[in-house]
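To keep things clear, I will list the structure first and then write my remarks on it.
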Amino acid sequence: MSTTTTTTPLPAHKTKHLDTLHYPIPNTPHILTLTQSQAQAQSPTTPASTGTTLWLSSQLLAYHLLALFPRHNHNQHNNNTSSHRPRPRSRGRGRAIDLGAGTGLTSHILSYLGFRVCATDLAQIAGTILGENVSRNADLLAGVAGASPISVRALDWTASSLPSPSSLWDFGGEEEEEEVEVEVIVTADTFYRQDLVRPLILTIKALCIASARCARGGSGGKEGKRFPLVLVAVEVRDRGLLQFALEAAAREGFECRRVGDGRVRKGLEAAGVRWAREEWDGGEVWRWVFKGV
């Protein structure tokens, strides 16, 4: 088995051949263990999936999230003393959904930041690579003050119906709060096939609407709408396909704005990552805001 451990992670295109990545959470002593393998997500009837290896866009998104949502003032080491009690989850960051979570890097960073995360992907990925990585790192995150658990769910954007946000979280029988408003929806390297563009956008839209409905207590009115922030990270291989996706999103009510390269670079630098610009060439982060129907 090939593995790598580095103080500064390498760009994803340099680690595709590795079975296991030991991935440091920036500015902490914590190191995630992430398995990646094309073979584990294949079956006789299912073609190989791109979701079983780490992608550059996931790395850029993870570093952007760290800059966008600085952690609360938690002690980095959970010493279980009363003077360093973590902030109660009910007053913490809220919930986040990761669509096409793959190896789970972005989901783990959201968890570290205090979000209650639902990591989703196709069943053959959720049940192998993604689920295994979440289980493998559960003890590590449990020892980080303020981190929240990750729920893994199979989610097919092309399915005839989508689950409600309230059904996506299940933490071993733990009682749920009544409100299941989602604060953030993230997705990385998921616009790579034109036939999947509209299903993914409609999935994001449906989750935005359902979350806002929960926040309004089931009210059908327009007052007080609060839709989740949507962050979309891409590695541009086909500018025409990306433009197709952005235009489709606009038609469904999203305002799409690209995060400037300067802000993306600041996220990298804040994490101690000093990649040359050509190492993340083509990587972009977009901020989508749903304006309603």
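Residue numbering restarts at 1 in every chain; chains get A, B, ... in the order shown in the structure tokens, and ligands count up from 1 in that same order.
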Which residues are close to Phe244 in chain A, i.e. within 12 Å by only C-alpha atoms, leaving aside same-chain residues fewer than 4 positions away? Reply as a PyMOL selection string. chain A and resi 191-198+201+238-240+248-251
Export, as a short mmCIF file (atom, residue, chain, number, x, y, z; two decimals), in the first residue's frame, the selected residues with C-alpha atoms.
```
data_model
loop_
_atom_site.label_atom_id
_atom_site.label_comp_id
_atom_site.auth_asym_id
_atom_site.auth_seq_id
_atom_site.Cartn_x
_atom_site.Cartn_y
_atom_site.Cartn_z
CA PHE A 191 -19.85 19.56 -12.87
CA TYR A 192 -18.03 17.22 -15.22
CA ARG A 193 -20.89 15.71 -17.27
CA GLN A 194 -23.56 17.75 -18.99
CA ASP A 195 -26.32 15.23 -18.24
CA LEU A 196 -25.68 15.61 -14.49
CA VAL A 197 -25.73 19.43 -14.46
CA ARG A 198 -29.48 19.96 -14.21
CA ILE A 201 -28.73 22.11 -9.66
CA ASP A 238 -14.19 22.59 -20.19
CA ARG A 239 -15.09 26.27 -19.86
CA GLY A 240 -18.15 25.71 -22.03
CA ALA A 248 -28.68 26.67 -15.86
CA ALA A 249 -28.23 27.76 -12.24
CA ALA A 250 -29.25 31.32 -13.09
CA ARG A 251 -32.44 30.07 -14.72
#
```
For range 51-59 of chain A, find every residue with an atom within 7 Å (counting only C-alpha atoms), except residues of its own chain fewer than 3 positions away, and show them as a ChimeraX atom specification. /A:11-12,16,36-38,41,62-63,102-103,105-106,129,188-189,233-235,283
Written file, previous selection with N, CA and C atoms, as a compact mmCIF listing (two decimals), in the first residue's frame:
```txt
# COMPACT_ATOMS: atom_id res chain seq x y z
N PRO A 11 -0.64 19.03 -4.14
CA PRO A 11 -1.83 19.14 -5.00
C PRO A 11 -2.31 17.75 -5.39
N ALA A 12 -3.62 17.60 -5.53
CA ALA A 12 -4.22 16.28 -5.71
C ALA A 12 -3.69 15.53 -6.92
N LYS A 16 -2.63 10.96 -6.94
CA LYS A 16 -3.64 10.04 -7.45
C LYS A 16 -3.21 8.57 -7.32
N GLN A 36 -8.11 6.44 -0.76
CA GLN A 36 -8.64 6.71 -2.10
C GLN A 36 -8.35 5.50 -2.98
N SER A 37 -9.33 5.11 -3.76
CA SER A 37 -9.16 3.95 -4.62
C SER A 37 -10.27 3.90 -5.63
N GLN A 38 -9.95 3.83 -6.90
CA GLN A 38 -10.97 3.66 -7.93
C GLN A 38 -11.67 2.32 -7.77
N ALA A 41 -15.02 1.53 -5.58
CA ALA A 41 -16.34 2.07 -5.94
C ALA A 41 -16.88 1.47 -7.21
N ALA A 62 -11.76 23.30 0.76
CA ALA A 62 -11.47 23.09 2.17
C ALA A 62 -10.71 24.28 2.76
N TYR A 63 -9.72 24.79 2.05
CA TYR A 63 -8.95 25.92 2.56
C TYR A 63 -9.78 27.20 2.56
N GLY A 102 -17.27 12.29 -2.01
CA GLY A 102 -16.08 11.54 -2.42
C GLY A 102 -15.28 10.99 -1.26
N THR A 103 -14.02 11.34 -1.17
CA THR A 103 -13.17 10.85 -0.09
C THR A 103 -13.48 11.50 1.24
N LEU A 105 -12.82 14.82 2.31
CA LEU A 105 -11.97 15.88 2.86
C LEU A 105 -12.79 17.09 3.29
N THR A 106 -13.64 17.61 2.40
CA THR A 106 -14.40 18.80 2.71
C THR A 106 -15.34 18.55 3.89
N ILE A 129 -15.68 4.05 0.19
CA ILE A 129 -14.65 5.05 0.47
C ILE A 129 -15.11 6.10 1.47
N ALA A 188 -17.91 19.88 -4.77
CA ALA A 188 -16.63 20.09 -5.43
C ALA A 188 -16.43 19.09 -6.56
N ASP A 189 -16.02 19.59 -7.70
CA ASP A 189 -15.70 18.79 -8.88
C ASP A 189 -16.87 17.89 -9.30
N ALA A 233 -17.02 24.36 -5.94
CA ALA A 233 -15.62 24.37 -6.36
C ALA A 233 -15.48 23.52 -7.62
N VAL A 234 -14.73 24.03 -8.56
CA VAL A 234 -14.57 23.32 -9.84
C VAL A 234 -13.10 23.32 -10.25
N GLU A 235 -12.75 22.34 -11.03
CA GLU A 235 -11.47 22.32 -11.73
C GLU A 235 -11.82 22.41 -13.21
N GLY A 283 -8.40 25.77 -11.00
CA GLY A 283 -9.25 25.60 -9.82
C GLY A 283 -9.98 26.89 -9.49
```
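Note that the spacing between CA of Ala245 in chain A and CA of Ala126 in chain A amounts to 24.8 Å.
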How many Å lie between CA of Trp286 in chain A and CA of Leu61 in chain A, rounded to one decimal? 9.4 Å
Between A:Glu181, A:Glu132, A:Asp139, A:Asp98, single out the one closest to Leu155 in chain A, counting only C-alpha atoms. A:Asp98
Excluding range 133-136 of chain A and its own-chain neighbours fewer than 6 positions away, which residues fall within 8 Å of it when counting only C-alpha atoms? Please give them as a PyMOL selection string. chain A and resi 33-35+103-104+108+150+152
Write the residues you've just listed into a file as a PDB file, in the first residue's frame, and include C-alpha atoms for each of them.
```
ATOM      1  CA  THR A  33      -6.386   9.451   7.195  1.00  0.00           C
ATOM      2  CA  LEU A  34      -8.123   9.324   3.818  1.00  0.00           C
ATOM      3  CA  THR A  35      -8.267   6.243   1.625  1.00  0.00           C
ATOM      4  CA  THR A 103     -13.165  10.846  -0.094  1.00  0.00           C
ATOM      5  CA  GLY A 104     -14.669  13.220   2.479  1.00  0.00           C
ATOM      6  CA  HIS A 108     -14.112  16.528   7.628  1.00  0.00           C
ATOM      7  CA  ILE A 150     -20.598  13.459  10.295  1.00  0.00           C
ATOM      8  CA  VAL A 152     -23.092   9.642   5.716  1.00  0.00           C
TER       9      VAL A 152
END
```
Would you mind telling me which residue in A:Thr187, A:Ser167, A:Gln243, A:Asn137 lies nearest to Ala210 in chain A when using only C-alpha atoms?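 Distance minimum relative to Ala210 in chain A lands on A:Ser167.
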Fewer than 6 positions away in the same chain doesn't count, so skip those; otherwise give me all residues within 8 Å of Ser211 in chain A, counting only C-alpha atoms, as a ChimeraX atom specification. /A:165,180-182,227-228
So that I have them on file, write out the residues from the current selection with N, CA and C atoms, as an mmCIF file, in the first residue's frame.
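Output file selection_23.cif is given in full below:
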```
data_model
loop_
_atom_site.group_PDB
_atom_site.id
_atom_site.type_symbol
_atom_site.label_atom_id
_atom_site.label_comp_id
_atom_site.auth_asym_id
_atom_site.auth_seq_id
_atom_site.Cartn_x
_atom_site.Cartn_y
_atom_site.Cartn_z
ATOM 1 N N PRO A 165 -34.276 17.550 4.384
ATOM 2 C CA PRO A 165 -33.074 17.788 5.191
ATOM 3 C C PRO A 165 -33.140 17.120 6.559
ATOM 4 N N VAL A 180 -34.321 22.233 11.394
ATOM 5 C CA VAL A 180 -33.251 21.597 10.642
ATOM 6 C C VAL A 180 -32.814 22.497 9.492
ATOM 7 N N GLU A 181 -32.707 23.754 9.774
ATOM 8 C CA GLU A 181 -32.215 24.690 8.781
ATOM 9 C C GLU A 181 -30.767 24.358 8.440
ATOM 10 N N VAL A 182 -30.440 24.422 7.156
ATOM 11 C CA VAL A 182 -29.086 24.141 6.687
ATOM 12 C C VAL A 182 -28.382 25.471 6.432
ATOM 13 N N PHE A 227 -31.976 31.299 2.890
ATOM 14 C CA PHE A 227 -31.489 30.144 2.140
ATOM 15 C C PHE A 227 -30.039 29.868 2.498
ATOM 16 N N PRO A 228 -29.610 28.612 2.393
ATOM 17 C CA PRO A 228 -28.211 28.281 2.695
ATOM 18 C C PRO A 228 -27.248 28.961 1.726
#
```
Pairwise distance, CA of Gly282 in chain A with CA of Val184 in chain A, equals 23.7 Å
Compare A:Gly131, A:Gly114, A:Gly267, A:Pro163 by their minimum atom-to-atom distance to Ala101 in chain A, counting only C-alpha atoms, and give me the closest one.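 Nearest candidate to Ala101 in chain A out of A:Gly131, A:Gly114, A:Gly267, A:Pro163: A:Gly131.
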Can you pull out every residue within 10 Å of Phe254 in chain A, counting only C-alpha atoms, but drop anything in the same chain fewer than 3 positions away, and send it as a PyMOL selection string? chain A and resi 201+204-205+230+246-251+257+287-293
Between A:His13, A:Arg93, A:Arg213, A:Arg265, which residue has the minimum interatomic distance to Leu110 in chain A, considering only C-alpha atoms? A:Arg93
